[in-house]
$ cat coords.csv   # CSV, C-alpha atoms
chain,number,residue,atom,x,y,z
A,1,MET,CA,-40.5,222.7,6.1
A,2,LEU,CA,-43.5,220.6,5.0
A,3,SER,CA,-45.8,223.5,5.8
A,4,ASN,CA,-43.6,225.9,3.7
A,5,LEU,CA,-43.7,223.5,0.7
A,6,ILE,CA,-47.5,223.2,1.0
A,7,GLN,CA,-47.8,227.0,1.0
A,8,ALA,CA,-45.4,227.1,-2.0
A,9,VAL,CA,-47.7,224.8,-4.0
A,10,PHE,CA,-50.6,227.1,-3.3
A,11,LEU,CA,-48.6,230.2,-4.1
A,12,GLY,CA,-47.6,228.4,-7.4
A,13,GLY,CA,-51.3,228.0,-8.2
A,14,TYR,CA,-51.6,231.8,-7.9
A,15,TYR,CA,-48.6,232.3,-10.2
A,16,ALA,CA,-50.1,230.0,-12.7
A,17,MET,CA,-53.4,231.9,-12.6
A,18,VAL,CA,-51.5,235.1,-13.4
A,19,ALA,CA,-49.4,233.4,-16.1
A,20,CYS,CA,-52.2,231.5,-17.8
A,21,GLY,CA,-53.3,234.4,-20.0
A,22,LEU,CA,-49.8,235.4,-20.9
A,23,SER,CA,-49.0,231.9,-22.0
A,24,PHE,CA,-52.2,231.4,-23.9
A,25,MET,CA,-51.8,234.7,-25.7
A,26,PHE,CA,-48.2,234.0,-26.7
A,27,SER,CA,-49.0,230.5,-27.9
A,28,VAL,CA,-51.5,232.0,-30.4
A,29,MET,CA,-49.9,235.3,-31.5
A,30,ARG,CA,-46.3,234.9,-30.4
A,31,ILE,CA,-46.6,238.2,-28.6
A,32,ILE,CA,-45.3,238.8,-25.1
A,33,ASN,CA,-47.9,241.0,-23.6
A,34,LEU,CA,-46.1,243.5,-21.5
A,35,ALA,CA,-49.4,245.1,-20.4
A,36,HIS,CA,-50.4,241.8,-18.8
A,37,GLY,CA,-49.7,242.8,-15.2
A,38,SER,CA,-51.3,246.3,-15.6
A,39,LEU,CA,-54.4,244.7,-17.1
A,40,ALA,CA,-54.7,242.5,-14.0
A,41,ILE,CA,-54.4,245.5,-11.7
A,42,LEU,CA,-57.1,247.2,-13.8
A,43,SER,CA,-59.4,244.3,-13.2
A,44,ALA,CA,-58.7,244.5,-9.4
A,45,TYR,CA,-59.5,248.2,-9.4
A,46,LEU,CA,-62.8,247.6,-11.4
A,47,LEU,CA,-63.8,245.0,-8.7
A,48,TYR,CA,-62.8,247.4,-6.0
A,49,VAL,CA,-65.0,250.2,-7.4
A,50,LEU,CA,-67.9,247.8,-7.8
A,51,ALA,CA,-67.5,246.7,-4.2
A,52,GLN,CA,-66.9,250.2,-2.7
A,53,LYS,CA,-69.4,252.2,-4.7
A,54,LEU,CA,-72.2,249.7,-5.4
A,55,ASN,CA,-71.6,247.2,-2.6
A,56,ILE,CA,-71.2,244.3,-5.0
A,57,ASN,CA,-69.3,241.3,-3.7
A,58,PRO,CA,-66.1,240.8,-5.7
A,59,PHE,CA,-67.2,237.3,-6.8
A,60,LEU,CA,-70.4,238.7,-8.2
A,61,GLY,CA,-68.4,241.6,-9.6
A,62,LEU,CA,-66.5,239.0,-11.7
A,63,LEU,CA,-69.8,238.5,-13.7
A,64,ILE,CA,-69.3,242.1,-14.9
A,65,VAL,CA,-65.6,242.5,-15.0
A,66,VAL,CA,-64.7,239.2,-16.8
A,67,PRO,CA,-66.9,240.1,-19.9
A,68,VAL,CA,-65.6,243.7,-19.8
A,69,MET,CA,-62.0,242.6,-19.8
A,70,ALA,CA,-62.8,240.0,-22.5
A,71,ALA,CA,-64.3,242.8,-24.7
A,72,LEU,CA,-61.3,245.0,-24.0
A,73,GLY,CA,-59.0,242.3,-25.1
A,74,TRP,CA,-61.0,241.8,-28.3
A,75,ILE,CA,-60.8,245.6,-29.0
A,76,LEU,CA,-57.1,245.8,-28.3
A,77,GLN,CA,-56.4,242.9,-30.6
A,78,ARG,CA,-58.6,244.1,-33.5
A,79,TYR,CA,-57.6,247.8,-33.4
A,80,LEU,CA,-54.0,247.9,-32.0
A,81,LEU,CA,-52.2,244.5,-31.9
A,82,ASP,CA,-53.4,243.3,-35.2
A,83,ARG,CA,-52.4,246.4,-36.9
A,84,SER,CA,-49.1,246.7,-35.1
A,85,SER,CA,-48.2,243.1,-36.0
A,86,LYS,CA,-47.9,244.3,-39.7
A,87,GLY,CA,-44.9,246.4,-38.7
A,88,GLY,CA,-42.7,243.4,-37.6
A,89,GLU,CA,-42.3,241.3,-34.5
A,90,LEU,CA,-41.0,244.1,-32.2
A,91,LEU,CA,-43.8,246.6,-32.8
A,92,PRO,CA,-46.6,244.6,-31.0
A,93,VAL,CA,-44.3,244.2,-28.0
A,94,LEU,CA,-43.7,247.9,-27.9
A,95,THR,CA,-47.4,248.5,-28.3
A,96,THR,CA,-48.2,246.5,-25.2
A,97,PHE,CA,-45.4,248.3,-23.3
A,98,GLY,CA,-47.1,251.6,-24.3
A,99,ILE,CA,-50.5,250.3,-23.1
A,100,ALA,CA,-49.0,249.3,-19.8
A,101,ILE,CA,-47.5,252.8,-19.3
A,102,VAL,CA,-50.9,254.5,-20.2
A,103,LEU,CA,-52.9,252.2,-17.9
A,104,ASP,CA,-50.5,252.6,-14.9
A,105,ASN,CA,-50.6,256.4,-15.1
A,106,LEU,CA,-54.3,256.5,-15.7
A,107,MET,CA,-54.9,254.4,-12.6
A,108,PHE,CA,-52.5,256.5,-10.6
A,109,GLN,CA,-54.3,259.6,-11.7
A,110,ARG,CA,-57.7,258.2,-10.7
A,111,PHE,CA,-56.8,256.2,-7.5
A,112,GLY,CA,-53.6,257.8,-6.3
A,113,ALA,CA,-50.7,255.9,-4.7
A,114,ASP,CA,-52.7,254.4,-1.7
A,115,THR,CA,-52.8,250.6,-1.6
A,116,ARG,CA,-56.2,248.9,-1.9
A,117,SER,CA,-57.5,245.4,-1.2
A,118,LEU,CA,-60.6,243.4,-1.9
A,119,ALA,CA,-60.1,241.4,1.4
A,120,PRO,CA,-62.6,243.5,3.4
A,121,TYR,CA,-65.4,242.7,0.9
A,122,ILE,CA,-65.1,238.8,1.0
A,123,GLY,CA,-65.7,238.2,4.7
A,124,ASP,CA,-63.4,235.8,6.5
A,125,LEU,CA,-62.4,234.0,3.2
A,126,SER,CA,-59.2,236.1,3.1
A,127,TRP,CA,-57.8,234.7,6.4
A,128,ALA,CA,-59.8,231.6,7.3
A,129,SER,CA,-58.1,228.2,7.0
A,130,TYR,CA,-58.6,224.5,7.3
A,131,ALA,CA,-56.7,222.5,9.9
A,132,LEU,CA,-54.8,219.5,8.6
A,133,PRO,CA,-53.3,216.6,10.5
A,134,GLY,CA,-49.8,217.5,11.9
A,135,GLY,CA,-50.7,221.0,12.9
A,136,LEU,CA,-50.8,222.2,9.4
A,137,PHE,CA,-53.2,225.0,8.2
A,138,VAL,CA,-54.2,225.7,4.6
A,139,GLY,CA,-56.0,228.9,3.7
A,140,LYS,CA,-59.5,228.6,2.2
A,141,LEU,CA,-58.6,231.3,-0.4
A,142,GLN,CA,-55.5,229.5,-1.4
A,143,ILE,CA,-57.4,226.3,-2.0
A,144,LEU,CA,-60.0,228.3,-4.1
A,145,VAL,CA,-57.2,229.8,-6.2
A,146,LEU,CA,-55.6,226.4,-6.9
A,147,ILE,CA,-58.9,224.8,-7.8
A,148,THR,CA,-59.8,227.7,-10.0
A,149,VAL,CA,-56.6,227.6,-12.0
A,150,ILE,CA,-56.9,223.8,-12.5
A,151,VAL,CA,-60.5,224.2,-13.7
A,152,VAL,CA,-59.5,227.2,-16.0
A,153,ILE,CA,-56.6,225.3,-17.6
A,154,GLY,CA,-58.6,222.1,-18.0
A,155,ALA,CA,-61.5,224.1,-19.5
A,156,LEU,CA,-59.2,225.9,-21.9
A,157,GLN,CA,-57.6,222.6,-23.0
A,158,LEU,CA,-61.1,221.1,-23.7
A,159,PHE,CA,-62.1,224.3,-25.5
A,160,LEU,CA,-59.1,224.2,-27.8
A,161,LYS,CA,-59.5,220.5,-28.5
A,162,ASN,CA,-63.3,220.0,-28.8
A,163,THR,CA,-64.7,223.2,-30.3
A,164,GLN,CA,-64.6,224.7,-33.7
A,165,LEU,CA,-63.3,228.0,-32.5
A,166,GLY,CA,-60.7,226.3,-30.3
A,167,ARG,CA,-59.5,224.3,-33.3
A,168,SER,CA,-59.4,227.5,-35.4
A,169,ILE,CA,-57.2,229.1,-32.7
A,170,ARG,CA,-54.9,226.1,-32.6
A,171,ALA,CA,-54.6,226.2,-36.4
A,172,THR,CA,-53.9,229.9,-36.4
A,173,ALA,CA,-51.2,229.4,-33.7
A,174,MET,CA,-49.4,226.8,-35.8
A,175,ASP,CA,-49.6,228.6,-39.2
A,176,PRO,CA,-51.9,231.6,-39.8
A,177,ASP,CA,-51.2,231.7,-43.5
A,178,THR,CA,-52.1,228.0,-44.1
A,179,ALA,CA,-55.1,228.4,-41.7
A,180,GLY,CA,-56.4,231.2,-44.0
A,181,LEU,CA,-56.2,228.9,-47.0
A,182,VAL,CA,-58.6,226.5,-45.5
A,183,GLY,CA,-61.2,229.1,-44.6
A,184,ILE,CA,-60.2,230.1,-41.1
A,185,ASP,CA,-60.5,233.8,-40.2
A,186,ALA,CA,-57.1,234.3,-38.5
A,187,LYS,CA,-58.1,237.8,-37.3
A,188,ARG,CA,-61.3,236.4,-35.6
A,189,ALA,CA,-59.3,233.6,-34.0
A,190,THR,CA,-56.6,235.8,-32.6
A,191,ALA,CA,-59.1,238.3,-31.3
A,192,ALA,CA,-61.0,235.5,-29.6
A,193,ALA,CA,-57.8,234.2,-28.1
A,194,THR,CA,-57.0,237.7,-26.7
A,195,ALA,CA,-60.5,238.0,-25.3
A,196,ILE,CA,-60.1,234.6,-23.5
A,197,ALA,CA,-56.7,235.6,-22.2
A,198,MET,CA,-58.1,238.8,-20.8
A,199,ALA,CA,-60.9,236.9,-19.1
A,200,THR,CA,-58.2,234.9,-17.2
A,201,VAL,CA,-56.4,238.2,-16.4
A,202,ALA,CA,-59.6,239.4,-14.7
A,203,LEU,CA,-59.6,236.3,-12.5
A,204,ALA,CA,-55.9,236.9,-11.7
A,205,GLY,CA,-56.6,240.5,-10.7
A,206,ALA,CA,-59.5,239.4,-8.5
A,207,PHE,CA,-57.3,236.9,-6.6
A,208,LEU,CA,-54.5,239.4,-6.3
A,209,GLY,CA,-56.9,241.9,-4.7
A,210,MET,CA,-58.3,239.3,-2.4
A,211,ARG,CA,-55.0,237.8,-1.1
A,212,ALA,CA,-52.9,241.0,-1.0
A,213,THR,CA,-52.9,244.7,-1.5
A,214,PHE,CA,-52.4,246.5,-4.9
A,215,GLU,CA,-51.6,250.0,-6.2
A,216,PRO,CA,-51.4,251.4,-9.7
A,217,TYR,CA,-47.8,250.2,-10.3
A,218,SER,CA,-48.2,246.7,-9.0
A,219,GLY,CA,-48.5,245.3,-12.5
A,220,THR,CA,-44.7,244.9,-13.1
A,221,PRO,CA,-44.1,242.3,-10.3
A,222,GLN,CA,-47.2,240.4,-11.5
A,223,LEU,CA,-45.8,240.5,-15.1
A,224,LEU,CA,-42.4,239.3,-13.9
A,225,ALA,CA,-43.9,236.4,-12.0
A,226,ALA,CA,-46.1,235.4,-14.9
A,227,PHE,CA,-43.2,235.5,-17.4
A,228,GLU,CA,-40.9,233.4,-15.2
A,229,ALA,CA,-43.6,230.8,-14.5
A,230,THR,CA,-44.4,230.7,-18.3
A,231,VAL,CA,-40.7,230.2,-19.3
A,232,ILE,CA,-40.1,227.6,-16.6
A,233,GLY,CA,-43.1,225.6,-17.5
A,234,GLY,CA,-42.6,225.9,-21.2
A,235,ILE,CA,-44.0,228.7,-23.3
A,236,GLY,CA,-47.3,227.8,-24.8
A,237,SER,CA,-48.0,224.9,-22.5
A,238,LEU,CA,-50.9,225.6,-20.1
A,239,TRP,CA,-50.3,222.6,-17.8
A,240,GLY,CA,-46.7,223.5,-18.0
A,241,THR,CA,-47.5,226.9,-16.8
A,242,LEU,CA,-49.1,225.4,-13.7
A,243,ALA,CA,-46.0,223.3,-13.1
A,244,GLY,CA,-43.8,226.4,-13.8
A,245,GLY,CA,-45.7,228.4,-11.2
A,246,ILE,CA,-45.3,225.7,-8.6
A,247,ILE,CA,-41.6,225.3,-9.3
A,248,LEU,CA,-41.1,229.1,-9.1
A,249,ALA,CA,-42.8,229.3,-5.8
A,250,ILE,CA,-40.9,226.3,-4.4
A,251,ALA,CA,-37.6,228.0,-5.5
A,252,GLN,CA,-38.6,231.2,-3.8
A,253,THR,CA,-39.5,229.3,-0.6
A,254,LEU,CA,-36.1,227.5,-0.6
A,255,GLY,CA,-34.4,230.8,-1.2
A,256,ALA,CA,-36.1,232.4,1.7
A,257,SER,CA,-35.1,229.5,3.9
A,258,VAL,CA,-31.4,230.1,3.1
A,259,HIS,CA,-31.5,233.9,3.6
A,260,PRO,CA,-34.3,236.2,4.7
A,261,GLN,CA,-33.9,238.2,1.5
A,262,GLY,CA,-33.6,235.2,-0.8
A,263,PHE,CA,-37.3,234.8,-1.6
A,264,LEU,CA,-37.2,236.6,-4.9
A,265,LEU,CA,-33.6,235.7,-5.6
A,266,GLY,CA,-34.4,232.0,-5.4
A,267,GLY,CA,-37.1,232.4,-8.0
A,268,HIS,CA,-34.9,234.4,-10.3
A,269,LEU,CA,-32.1,231.8,-10.1
A,270,ALA,CA,-34.5,229.0,-11.0
A,271,PHE,CA,-35.8,231.0,-13.9
A,272,LEU,CA,-32.3,231.7,-15.2
A,273,MET,CA,-31.2,228.1,-14.9
A,274,VAL,CA,-34.2,226.9,-16.9
A,275,LEU,CA,-33.8,229.6,-19.4
A,276,PHE,CA,-30.1,228.8,-20.1
A,277,PHE,CA,-30.9,225.1,-20.2
A,278,ARG,CA,-33.6,225.7,-22.9
A,279,LEU,CA,-31.3,228.0,-24.9
A,280,HIS,CA,-28.5,225.5,-24.8
A,281,ARG,CA,-30.8,222.6,-25.8
A,282,ASN,CA,-32.3,224.6,-28.7
A,283,ARG,CA,-29.1,226.4,-29.7
A,284,ASP,CA,-29.1,224.9,-33.3
A,285,ALA,CA,-32.7,226.0,-34.0
A,286,ILE,CA,-31.9,229.5,-32.6
A,287,LEU,CA,-28.8,229.8,-34.9
A,288,ILE,CA,-30.8,228.7,-37.9
A,289,TRP,CA,-33.5,231.3,-37.0
A,290,LEU,CA,-30.9,234.0,-36.6
A,291,ARG,CA,-29.3,233.2,-40.0
A,292,ARG,CA,-32.7,233.4,-41.7
A,293,ARG,CA,-33.4,236.8,-40.0
A,294,THR,CA,-30.0,238.2,-41.1
A,295,ALA,CA,-30.0,236.7,-44.6

$ encode --input "coords.csv" --output "structure tokens"
Amino acid sequence: MLSNLIQAVFLGGYYAMVACGLSFMFSVMRIINLAHGSLAILSAYLLYVLAQKLNINPFLGLLIVVPVMAALGWILQRYLLDRSSKGGELLPVLTTFGIAIVLDNLMFQRFGADTRSLAPYIGDLSWASYALPGGLFVGKLQILVLITVIVVIGALQLFLKNTQLGRSIRATAMDPDTAGLVGIDAKRATAAATAIAMATVALAGAFLGMRATFEPYSGTPQLLAAFEATVIGGIGSLWGTLAGGIILAIAQTLGASVHPQGFLLGGHLAFLMVLFFRLHRNRDAILIWLRRRTA
């Protein structure tokens, strides 16, 4: 059981890595990016092409893919999401849903339905492990993922707190209209936030490709895991996202110990319990918001 819990913690680190960009983007723009999972799969395919065609190690490939995904995020925000946000709260969500459909089908047309993996291009890192006392083993890649997500979240927190751009992003997240009155370019801040979110998506896609297989329609399960981890940990809280990912993974592990098919069910139940708790706790604020929307 101890071994399963340890593995769950490391799996939670991966969930947090996937959810990090989703939480960061929502905290600034209040947009649930339904293309989040598809963009992670796109990153994995870009690394796969670099490894297969140019023999570039996936870790070195990140030096290319991370800036590319960040630039893509900037473009999507400036030319799609920013414009669609003028049409109401629902239109940006529908826009990201459309982006996801387009990306999934383009990847299917280009790569087919065969599953791919980055594991063959990273040597023994995908399966090697460290032996711990008590006959426990921890995968080297699992440790790397957990360390990476802790470093990324810590770096994002420092960036938001100690840099001018980070403070601009925080001010825009709290009140874009007031931020504009004090000279902050809200469009620049939101575009930068999306670019940062897409950079974390590139890391998530890389680790997905290294630890498992992927195909063009693998984005939906990644989006679901990211969304559940974000809600459990508290939307907009980066450290909460890490906690949410670990809680989700532990719930899945406990579910699997009860029934062989209870892995996903355990996570869904944990998500629903937290969701209903949050809705009940904030019911007065929700009712006030609904009255304002219908007034």

$ atom_distance --input "coords.csv" --atom1 "CA of Leu50 in chain A" --atom2 "CA of Asp124 in chain A"
19.2 Å

$ residues_around --input "coords.csv" --residues "range 57-66 of chain A" --least-positions-apart "6" --cutoff "8 Å" --atoms "all atoms listed in the file" --output "PDB file with C-alpha atoms, in the frame of the given file"
ATOM      1  CA  SER A  43     -59.400 244.300 -13.200  1.00  0.00           C
ATOM      2  CA  LEU A  46     -62.800 247.600 -11.400  1.00  0.00           C
ATOM      3  CA  LEU A  47     -63.800 245.000  -8.700  1.00  0.00           C
ATOM      4  CA  TYR A  48     -62.800 247.400  -6.000  1.00  0.00           C
ATOM      5  CA  LEU A  50     -67.900 247.800  -7.800  1.00  0.00           C
ATOM      6  CA  ALA A  51     -67.500 246.700  -4.200  1.00  0.00           C
ATOM      7  CA  LEU A 118     -60.600 243.400  -1.900  1.00  0.00           C
ATOM      8  CA  TYR A 121     -65.400 242.700   0.900  1.00  0.00           C
ATOM      9  CA  ILE A 122     -65.100 238.800   1.000  1.00  0.00           C
ATOM     10  CA  MET A 198     -58.100 238.800 -20.800  1.00  0.00           C
ATOM     11  CA  ALA A 199     -60.900 236.900 -19.100  1.00  0.00           C
ATOM     12  CA  THR A 200     -58.200 234.900 -17.200  1.00  0.00           C
ATOM     13  CA  ALA A 202     -59.600 239.400 -14.700  1.00  0.00           C
ATOM     14  CA  LEU A 203     -59.600 236.300 -12.500  1.00  0.00           C
ATOM     15  CA  ALA A 206     -59.500 239.400  -8.500  1.00  0.00           C
TER      16      ALA A 206
END

$ residues_around --input "coords.csv" --residues "Phe137 in chain A" --least-positions-apart "3" --cutoff "12 Å" --atoms "all atoms listed in the file" --output "list in words"
Leu2, Ser3, Asn4, Ile6, Gln7, Phe10, Trp127, Ala128, Ser129, Tyr130, Ala131, Leu132, Pro133, Gly134, Lys140, Leu141, Gln142 and Ile143 of chain A

$ closest_residue --input "coords.csv" --among "A:Leu156, A:Ile235, A:Ile56, A:Ala229" --to "Ile31 in chain A" --atoms "all atoms listed in the file"
A:Ile235

$ closest_residue --input "coords.csv" --among "A:Val28, A:Val231, A:Leu54, A:Ile101" --to "Gly245 in chain A" --atoms "all atoms listed in the file"
A:Val231

$ residues_near_point --input "coords.csv" --point "(-46.6, 249.8, -33.7)" --cutoff "12 Å" --atoms "all atoms listed in the file" --output "ChimeraX atom specification"
/A:79-99

$ decode --input "coords.csv" --residues "range 86-110 of chain A" --atoms "N, CA and C atoms" --output "compact mmCIF listing (two decimals), in the first residue's frame"
# COMPACT_ATOMS: atom_id res chain seq x y z
N LYS A 86 -14.72 39.58 -26.63
CA LYS A 86 -15.63 40.72 -26.77
C LYS A 86 -17.06 40.27 -27.03
N GLY A 87 -17.24 39.00 -27.37
CA GLY A 87 -18.57 38.47 -27.65
C GLY A 87 -19.24 37.82 -26.46
N GLY A 88 -18.67 37.98 -25.26
CA GLY A 88 -19.27 37.40 -24.07
C GLY A 88 -18.37 36.33 -23.47
N GLU A 89 -18.83 35.75 -22.36
CA GLU A 89 -18.02 34.79 -21.62
C GLU A 89 -17.99 33.41 -22.28
N LEU A 90 -19.02 33.08 -23.02
CA LEU A 90 -19.11 31.74 -23.60
C LEU A 90 -18.30 31.60 -24.88
N LEU A 91 -18.20 32.67 -25.66
CA LEU A 91 -17.55 32.58 -26.97
C LEU A 91 -16.08 32.16 -26.89
N PRO A 92 -15.27 32.68 -25.95
CA PRO A 92 -13.88 32.20 -25.87
C PRO A 92 -13.78 30.70 -25.59
N VAL A 93 -14.70 30.18 -24.76
CA VAL A 93 -14.69 28.74 -24.47
C VAL A 93 -15.01 27.95 -25.73
N LEU A 94 -16.00 28.41 -26.48
CA LEU A 94 -16.34 27.75 -27.75
C LEU A 94 -15.19 27.86 -28.75
N THR A 95 -14.47 28.97 -28.69
CA THR A 95 -13.32 29.14 -29.59
C THR A 95 -12.24 28.10 -29.29
N THR A 96 -11.95 27.90 -28.01
CA THR A 96 -10.94 26.90 -27.66
C THR A 96 -11.42 25.49 -28.00
N PHE A 97 -12.73 25.26 -27.89
CA PHE A 97 -13.27 23.96 -28.30
C PHE A 97 -13.06 23.74 -29.79
N GLY A 98 -13.29 24.78 -30.58
CA GLY A 98 -13.04 24.67 -32.01
C GLY A 98 -11.57 24.45 -32.33
N ILE A 99 -10.69 25.13 -31.60
CA ILE A 99 -9.25 24.93 -31.80
C ILE A 99 -8.88 23.48 -31.53
N ALA A 100 -9.45 22.91 -30.47
CA ALA A 100 -9.16 21.51 -30.12
C ALA A 100 -9.59 20.57 -31.24
N ILE A 101 -10.77 20.79 -31.80
CA ILE A 101 -11.25 19.93 -32.88
C ILE A 101 -10.35 20.03 -34.10
N VAL A 102 -9.96 21.24 -34.45
CA VAL A 102 -9.09 21.45 -35.61
C VAL A 102 -7.74 20.76 -35.40
N LEU A 103 -7.15 20.96 -34.22
CA LEU A 103 -5.84 20.36 -33.94
C LEU A 103 -5.91 18.84 -33.95
N ASP A 104 -6.93 18.28 -33.32
CA ASP A 104 -7.06 16.82 -33.27
C ASP A 104 -7.14 16.22 -34.67
N ASN A 105 -7.94 16.84 -35.52
CA ASN A 105 -8.12 16.29 -36.86
C ASN A 105 -6.90 16.52 -37.75
N LEU A 106 -6.22 17.65 -37.56
CA LEU A 106 -4.99 17.88 -38.31
C LEU A 106 -3.91 16.88 -37.92
N MET A 107 -3.79 16.60 -36.63
CA MET A 107 -2.81 15.62 -36.19
C MET A 107 -3.16 14.22 -36.67
N PHE A 108 -4.46 13.91 -36.69
CA PHE A 108 -4.87 12.60 -37.20
C PHE A 108 -4.56 12.47 -38.69
N GLN A 109 -4.80 13.55 -39.43
CA GLN A 109 -4.52 13.52 -40.87
C GLN A 109 -3.03 13.38 -41.14
N ARG A 110 -2.20 14.01 -40.29
CA ARG A 110 -0.76 13.98 -40.52
C ARG A 110 -0.10 12.71 -39.99
